[in-house]
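Peer 1: Just one file: upload19.txt, with compact mmCIF, C-alpha atoms.
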# COMPACT_ATOMS: atom_id res chain seq x y z
CA MET H 1 0.00 0.00 0.00
CA LYS H 2 1.09 3.58 -0.61
CA PHE H 3 2.08 5.39 2.57
CA ASP H 4 -0.01 8.50 3.24
CA MET H 5 2.06 11.12 5.11
CA SER H 6 -0.87 13.43 5.79
CA ARG H 7 -2.94 10.63 7.28
CA ALA H 8 0.00 9.43 9.40
CA TRP H 9 0.63 12.95 10.72
CA ASN H 10 -3.01 13.48 11.65
CA GLU H 11 -3.21 10.11 13.38
CA ALA H 12 0.09 10.75 15.19
CA MET H 13 -1.27 14.00 16.61
CA GLN H 14 -4.49 12.24 17.59
CA LEU H 15 -2.49 9.51 19.37
CA LEU H 16 -0.60 12.14 21.34
CA ARG H 17 -3.71 14.08 22.29
CA SER H 18 -5.68 11.04 23.39
CA ASN H 19 -2.82 9.53 25.40
CA GLN H 20 -1.09 12.59 26.84
CA ALA H 21 -1.99 11.80 30.47
CA LEU H 22 -0.18 8.46 30.17
CA ILE H 23 2.78 9.35 27.98
CA LEU H 24 3.84 12.56 29.75
CA PRO H 25 5.06 10.78 32.93
CA VAL H 26 7.05 8.30 30.84
CA ALA H 27 8.55 11.07 28.73
CA GLY H 28 9.34 13.15 31.81
CA VAL H 29 11.23 10.38 33.60
CA PHE H 30 13.02 8.74 30.68
CA LEU H 31 13.35 11.39 27.96
CA PHE H 32 13.44 14.72 29.77
CA LEU H 33 15.09 14.17 33.17
CA PRO H 34 18.22 12.18 32.13
CA SER H 35 18.93 14.60 29.30
CA ALA H 36 18.46 17.63 31.56
CA LEU H 37 20.82 16.22 34.20
CA LEU H 38 23.41 15.38 31.57
CA GLY H 39 23.15 18.82 29.99
CA TYR H 40 23.60 20.53 33.35
CA LEU H 41 26.33 18.31 34.82
CA LEU H 42 28.27 17.84 31.58
CA PRO H 43 27.99 21.03 29.52
CA GLN H 44 29.81 20.97 26.22
CA PRO H 45 33.40 22.23 26.45
CA ALA H 46 34.14 25.79 25.42
CA ILE H 47 35.82 25.94 22.04
CA ASP H 48 38.00 28.79 20.89
CA GLY H 49 36.28 30.49 17.99
CA GLU H 50 39.64 30.83 16.24
CA ALA H 51 40.46 27.15 16.62
CA GLY H 52 40.76 25.13 13.46
CA PHE H 53 38.29 22.40 12.47
CA GLU H 54 40.67 19.62 13.48
CA SER H 55 41.19 21.18 16.92
CA MET H 56 37.44 21.45 17.46
CA ILE H 57 36.94 17.81 16.50
CA ALA H 58 39.76 16.76 18.82
CA VAL H 59 38.23 18.62 21.79
CA LEU H 60 34.75 17.20 21.19
CA THR H 61 36.10 13.68 20.65
CA GLU H 62 38.02 13.81 23.92
CA TRP H 63 34.91 15.11 25.71
CA PHE H 64 32.69 12.37 24.32
CA SER H 65 35.26 9.70 25.15
CA ALA H 66 35.71 10.92 28.72
CA ASN H 67 31.95 10.89 29.33
CA SER H 68 30.92 7.93 27.16
CA GLY H 69 29.52 5.98 30.11
CA TRP H 70 27.04 8.74 30.93
CA PHE H 71 25.97 9.04 27.31
CA ILE H 72 25.32 5.29 27.16
CA LEU H 73 23.16 5.44 30.31
CA VAL H 74 21.15 8.37 28.96
CA GLY H 75 20.79 6.54 25.64
CA ILE H 76 19.43 3.44 27.39
CA ALA H 77 16.98 5.58 29.38
CA ALA H 78 15.85 7.25 26.14
CA LEU H 79 15.34 3.85 24.50
CA ILE H 80 13.23 2.66 27.44
CA GLY H 81 11.22 5.87 27.19
CA GLN H 82 10.71 5.44 23.45
CA LEU H 83 9.57 1.84 23.86
CA GLY H 84 7.30 2.77 26.76
CA VAL H 85 5.65 5.54 24.74
CA LEU H 86 5.17 3.17 21.80
CA ALA H 87 3.61 0.61 24.14
CA LEU H 88 1.07 3.20 25.26
CA LEU H 89 0.34 4.45 21.76
CA LEU H 90 -0.06 0.94 20.31
CA ARG H 91 -2.09 -0.48 23.16
CA ARG H 92 -5.58 -1.96 23.16
CA ASP H 93 -8.27 0.48 24.27
CA GLY H 94 -7.98 0.75 28.03
CA GLY H 95 -5.74 -2.29 28.21
CA VAL H 96 -2.39 -0.89 29.32
CA SER H 97 -1.30 1.28 32.25
CA VAL H 98 1.95 3.18 32.55
CA GLY H 99 3.33 0.31 34.63
CA ASP H 100 2.33 -2.23 31.98
CA ALA H 101 3.94 -0.13 29.28
CA LEU H 102 7.21 0.14 31.21
CA LYS H 103 7.23 -3.63 31.76
CA ALA H 104 6.74 -4.12 28.03
CA ALA H 105 9.56 -1.63 27.37
CA LEU H 106 11.95 -3.50 29.65
CA VAL H 107 11.08 -6.83 28.01
CA ALA H 108 11.69 -5.27 24.60
CA LEU H 109 14.85 -3.43 25.62
CA ILE H 110 17.45 -6.04 24.69
CA PRO H 111 15.85 -7.00 21.34
CA ALA H 112 15.43 -3.32 20.48
CA PHE H 113 19.01 -2.51 21.52
CA LEU H 114 20.44 -5.36 19.44
CA ALA H 115 18.24 -4.49 16.47
CA ASN H 116 19.36 -0.87 16.73
CA MET H 117 23.01 -1.92 16.69
CA LEU H 118 22.48 -4.14 13.64
CA THR H 119 20.53 -1.54 11.69
CA SER H 120 23.07 1.14 12.61
CA ILE H 121 25.87 -0.99 11.18
CA VAL H 122 23.98 -1.72 7.97
CA THR H 123 22.90 1.92 7.59
CA SER H 124 26.49 3.10 8.14
CA ILE H 125 27.62 0.82 5.34
CA GLY H 126 24.88 2.33 3.22
CA PHE H 127 26.19 5.82 3.94
CA LEU H 128 29.65 4.74 2.84
CA LEU H 129 28.13 3.72 -0.49
CA LEU H 130 27.52 7.29 -1.71
CA ILE H 131 25.14 8.23 1.14
CA VAL H 132 21.87 7.57 -0.76
CA PRO H 133 21.54 3.89 0.27
CA GLY H 134 21.96 4.92 3.91
CA LEU H 135 19.11 7.42 3.66
CA TYR H 136 16.85 4.80 2.10
CA LEU H 137 17.69 2.27 4.82
CA ILE H 138 16.67 4.74 7.53
CA GLY H 139 13.13 4.64 6.15
CA ARG H 140 13.10 0.85 5.81
CA PHE H 141 14.31 0.27 9.39
CA TRP H 142 12.27 3.01 11.09
CA LEU H 143 9.44 0.71 12.20
CA VAL H 144 11.64 -1.87 13.97
CA PRO H 145 10.85 -0.61 17.54
CA SER H 146 7.13 -0.37 16.75
CA ALA H 147 7.09 -3.92 15.44
CA ILE H 148 8.96 -5.21 18.49
CA ILE H 149 6.45 -3.59 20.85
CA ALA H 150 3.24 -4.20 18.93
CA GLU H 151 3.97 -7.79 17.94
CA ARG H 152 6.14 -8.75 20.92
CA ILE H 153 9.02 -9.81 18.68
CA GLY H 154 11.98 -11.04 20.73
CA ASN H 155 14.33 -11.82 17.85
CA PRO H 156 16.05 -8.65 16.57
CA LEU H 157 16.54 -10.17 13.11
CA ALA H 158 12.84 -11.01 12.91
CA ALA H 159 12.00 -7.44 13.93
CA ILE H 160 14.24 -6.06 11.20
CA GLN H 161 12.61 -8.39 8.68
CA ARG H 162 9.16 -7.30 9.83
CA SER H 163 10.03 -3.61 9.37
CA TRP H 164 11.40 -4.44 5.94
CA GLU H 165 8.10 -6.11 5.02
CA LEU H 166 5.96 -3.27 6.36
CA THR H 167 7.93 -0.55 4.58
CA ARG H 168 8.15 -2.27 1.18
CA ASP H 169 7.77 0.30 -1.62
CA ASN H 170 7.58 3.10 0.98
CA GLY H 171 11.18 3.54 2.14
CA TRP H 172 11.64 6.97 0.59
CA ARG H 173 8.23 8.23 1.72
CA LEU H 174 8.94 7.18 5.30
CA PHE H 175 12.39 8.75 5.20
CA GLY H 176 10.92 11.97 3.81
CA PHE H 177 8.26 12.00 6.52
CA LEU H 178 10.85 11.50 9.26
CA ILE H 179 13.50 13.88 7.96
CA LEU H 180 11.03 16.69 7.23
CA VAL H 181 9.73 16.74 10.80
CA SER H 182 13.23 16.21 12.21
CA ILE H 183 14.65 19.18 10.29
CA VAL H 184 11.78 21.49 11.19
CA GLY H 185 11.88 20.34 14.81
CA GLY H 186 15.66 20.73 14.91
CA ILE H 187 15.49 24.28 13.57
CA ILE H 188 12.80 25.28 16.07
CA THR H 189 14.72 23.64 18.91
CA GLY H 190 17.98 25.30 17.93
CA LEU H 191 16.49 28.77 17.59
CA THR H 192 14.56 28.47 20.86
CA ASN H 193 17.62 27.20 22.71
CA GLY H 194 19.68 30.09 21.33
CA VAL H 195 17.16 32.72 22.34
CA PHE H 196 16.58 31.38 25.84
CA GLY H 197 20.29 30.67 26.33
CA ALA H 198 21.15 34.28 25.50
CA ILE H 199 18.43 35.61 27.82
CA PHE H 200 19.43 33.33 30.69
CA GLY H 201 23.10 34.13 30.24
CA PHE H 202 22.40 37.84 30.30
CA VAL H 203 20.13 38.06 33.36
CA LEU H 204 21.14 35.09 35.54
CA PRO H 205 24.25 33.77 37.30
CA ILE H 206 26.15 31.18 35.32
CA ASN H 207 24.95 28.13 37.28
CA ALA H 208 21.30 29.16 37.08
CA ALA H 209 21.68 29.96 33.39
CA LEU H 210 23.20 26.54 32.71
CA LEU H 211 20.42 24.78 34.62
CA LEU H 212 17.58 26.61 32.89
CA SER H 213 19.21 26.22 29.48
CA ALA H 214 19.54 22.47 30.09
CA LEU H 215 15.89 22.28 31.14
CA VAL H 216 14.65 24.14 28.06
CA GLU H 217 16.84 22.13 25.69
CA SER H 218 15.80 18.81 27.24
CA ALA H 219 12.11 19.74 27.25
CA LEU H 220 12.20 20.61 23.57
CA GLY H 221 14.15 17.44 22.82
CA ALA H 222 11.60 15.34 24.71
CA VAL H 223 8.72 16.94 22.80
CA LEU H 224 10.43 16.21 19.48
CA ALA H 225 11.10 12.61 20.58
CA LEU H 226 7.42 12.19 21.49
CA VAL H 227 6.30 13.53 18.12
CA ILE H 228 8.65 11.18 16.26
CA ALA H 229 7.52 8.21 18.36
CA ALA H 230 3.88 9.04 17.60
CA MET H 231 4.75 9.32 13.90
CA ALA H 232 6.36 5.88 14.02
CA ALA H 233 3.33 4.41 15.80
CA ALA H 234 0.90 5.97 13.31
CA SER H 235 3.03 4.79 10.38
CA TYR H 236 3.11 1.28 11.79
CA LEU H 237 -0.66 1.22 12.30
CA GLN H 238 -1.22 2.43 8.76
CA LEU H 239 1.15 0.04 7.02
CA SER H 240 0.11 -2.96 9.11
CA ASN H 241 -3.57 -2.21 8.38
CA ALA H 242 -4.28 -2.05 12.12
CA PRO H 243 -7.11 0.16 13.40
CA PRO H 244 -6.06 3.63 14.68
CA SER H 245 -7.10 2.68 18.23
CA GLY H 246 -4.45 0.00 18.53
CA LEU H 247 -3.76 -3.67 17.86
CA SER H 248 -6.00 -6.42 19.07
CA GLN H 249 -3.10 -8.68 19.97
CA THR H 250 -0.94 -6.11 21.75
CA PHE H 251 0.05 -7.30 25.24
CA GLU H 252 -2.29 -10.29 25.22
Take the structure in the file and give it back as structure tokens.
Peer 2:
Amino acid sequence: MKFDMSRAWNEAMQLLRSNQALILPVAGVFLFLPSALLGYLLPQPAIDGEAGFESMIAVLTEWFSANSGWFILVGIAALIGQLGVLALLLRRDGGVSVGDALKAALVALIPAFLANMLTSIVTSIGFLLLIVPGLYLIGRFWLVPSAIIAERIGNPLAAIQRSWELTRDNGWRLFGFLILVSIVGGIITGLTNGVFGAIFGFVLPINAALLLSALVESALGAVLALVIAAMAAASYLQLSNAPPSGLSQTFE
């Protein structure tokens, strides 16, 4: 079937509106809070504006390497949050609580993590082959987490295969859908962060400015993550021919 971006967007927004009371606590704990703490405790290193490109890369590489453990922990928390949100968005009507969704997320964590590693490797190879194949693969692999949650797939290879089946003939449409919202969301996030960062830096002490900047940046990032998760859920429901309210077999 041909993927309908407009329909998927409308259904994604409807999923968010109808489930906001359940998804906001999950997003707050797993998407917002870890990112805010990381942003406040580990601000990016100051880089001399006159430094060359290689020097900038060296400083950032050293910073990432020194703090890699924290980034991994935040990444795991974000993955749990993403899976938990998907579990709520793809649930049966009235069939799943926040606790149930988090249990489902923890069960799906290892398969999703392994599938993410495998798809990242394959996509990276695609980017090495003149970039275009990598972009296409992003669209074909985008529904892996949704398939794992909705169909309780424990085998990462089976989840990848399922996403491949669902996205057949729609890889470029799905990529376009994802990248369009990501770019717009990234621009809005960047501009908002810049404006608030300048205001906070001008009127507040440095520690308070860093804290508020981290909170704003993490809040915007969490909102964008929620929107993208809802888009993935709506895309999965559309391409799997499931009803907008959820899947009859989810969590049974």
Peer 1: Give the padded box for segment 19-37 of chain H as AutoDock Vina command-line options: axis-aligned, covering all atoms listed in the file, 6 Å on each side, centre and edge lengths in Å to one decimal.
Peer 2:
--center_x 9.0 --center_y 13.0 --center_z 29.8 --size_x 35.6 --size_y 21.3 --size_z 20.8
Peer 1: Give the answer as one residue: which of H:Ala159, H:Ile121, H:Ala230, H:Leu210 has the shortest atom-to-atom distance to Gln44 of chain H, using all atoms listed in the file?
Peer 2: H:Leu210
Peer 1: Would you mind telling me which residue in H:Ala229, H:Leu41, H:Val203, H:Val85 lies nearest to Ala21 of chain H when using all atoms listed in the file?
Peer 2: H:Val85
Peer 1: Please list as an mmCIF file with C-alpha atoms, in the frame of the given file every residue within 12 Å of Ser124 of chain H, counting all atoms listed in the file and excluding residues in the same chain fewer than 5 positions away.
Peer 2:
data_model
loop_
_atom_site.group_PDB
_atom_site.id
_atom_site.type_symbol
_atom_site.label_atom_id
_atom_site.label_comp_id
_atom_site.auth_asym_id
_atom_site.auth_seq_id
_atom_site.Cartn_x
_atom_site.Cartn_y
_atom_site.Cartn_z
ATOM 1 C CA ASN H 116 19.360 -0.870 16.730
ATOM 2 C CA MET H 117 23.010 -1.920 16.690
ATOM 3 C CA LEU H 118 22.480 -4.140 13.640
ATOM 4 C CA THR H 119 20.530 -1.540 11.690
ATOM 5 C CA LEU H 129 28.130 3.720 -0.490
ATOM 6 C CA LEU H 130 27.520 7.290 -1.710
ATOM 7 C CA ILE H 131 25.140 8.230 1.140
ATOM 8 C CA VAL H 132 21.870 7.570 -0.760
ATOM 9 C CA PRO H 133 21.540 3.890 0.270
ATOM 10 C CA GLY H 134 21.960 4.920 3.910
ATOM 11 C CA LEU H 135 19.110 7.420 3.660
ATOM 12 C CA TYR H 136 16.850 4.800 2.100
ATOM 13 C CA LEU H 137 17.690 2.270 4.820
ATOM 14 C CA ILE H 138 16.670 4.740 7.530
#
Peer 1: Just give me the gap between atom CA of Leu191 of chain H and atom CA of Trp9 of chain H in Å, one decimal is fine.
Peer 2: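 A separation of 23.4 Å between them.
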Peer 1: Need the shell around Leu224 of chain H: protein/DNA/RNA residues with any atom at most 10 Å away, counting all atoms listed in the file. Skip same-chain ones fewer than 5 positions apart. Format as a list in words?
Peer 2: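 Near neighbours after the sequence-gap exclusion: Val181, Ser182, Val184, Gly185, Gly186, Ile188, Thr189, Ser218, Ala219, Ala229 and Ala230 of chain H.
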Peer 1: Which is closer to Leu212 of chain H than all the others in H:Phe175, H:Tyr236, H:Tyr40, H:Trp164, using all atoms listed in the file?
Peer 2: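 Of all the options, H:Tyr40 lies closest to Leu212 of chain H.
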Peer 1: With distances taken over only C-alpha atoms, which of H:Ile160, H:Ile148, H:Glu11, H:Thr167 is nearest to Val122 of chain H?
Peer 2: H:Ile160
Peer 1: Pick out the closest residue to Phe30 of chain H from this set: H:Ala78, H:Leu89, H:Ala222, H:Leu174. Count all atoms listed in the file.
Peer 2: H:Ala78
Peer 1: Which of these residues is nearest to Gly39 of chain H, using all atoms listed in the file: H:Ser240, H:Ser97, H:Ser213, H:Ser163?
Peer 2: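 Of all the options, H:Ser213 lies closest to Gly39 of chain H.
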Peer 1: Residues at most 10 Å from Gly99 of chain H, counting all atoms listed in the file, excluding those fewer than 3 positions away in the same chain, as a VMD selection string?
Peer 2: chain H and resid 22 26 84 96 102 to 105
Peer 1: What is the distance between atom CA of Met13 of chain H and atom CA of Trp142 of chain H, in Å to one decimal?
Peer 2: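 Interatomic distance, atom CA of Met13 of chain H to atom CA of Trp142 of chain H: 18.3 Å.
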Peer 1: Ala158 of chain H: which residues within 10 Å, counting all atoms listed in the file, same-chain residues fewer than 2 positions away excluded, as a list of chain:residue names?
Peer 2: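 Within the cut-off, the hits are H:Pro111, H:Ala115, H:Val144, H:Ala147, H:Ile148, H:Ile153, H:Gly154, H:Asn155, H:Pro156, H:Ile160, H:Gln161, H:Arg162, H:Ser163, H:Trp164.
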Peer 1: Using all atoms listed in the file, which residues sit within 10 Å of Trp63 of chain H once same-chain residues fewer than 4 positions away are excluded, as a compact mmCIF listing (two decimals) with C-alpha atoms, in the coordinates of the input?
Peer 2:
# COMPACT_ATOMS: atom_id res chain seq x y z
CA LEU H 42 28.27 17.84 31.58
CA PRO H 43 27.99 21.03 29.52
CA GLN H 44 29.81 20.97 26.22
CA PRO H 45 33.40 22.23 26.45
CA ILE H 57 36.94 17.81 16.50
CA ALA H 58 39.76 16.76 18.82
CA VAL H 59 38.23 18.62 21.79
CA ASN H 67 31.95 10.89 29.33
CA SER H 68 30.92 7.93 27.16
Peer 1: To one decimal place in Å, what is the distance between atom CA of Ser35 of chain H and atom CA of Arg17 of chain H?
Peer 2: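 Value for the atom CA of Ser35 of chain H-atom CA of Arg17 of chain H distance: 23.7 Å.
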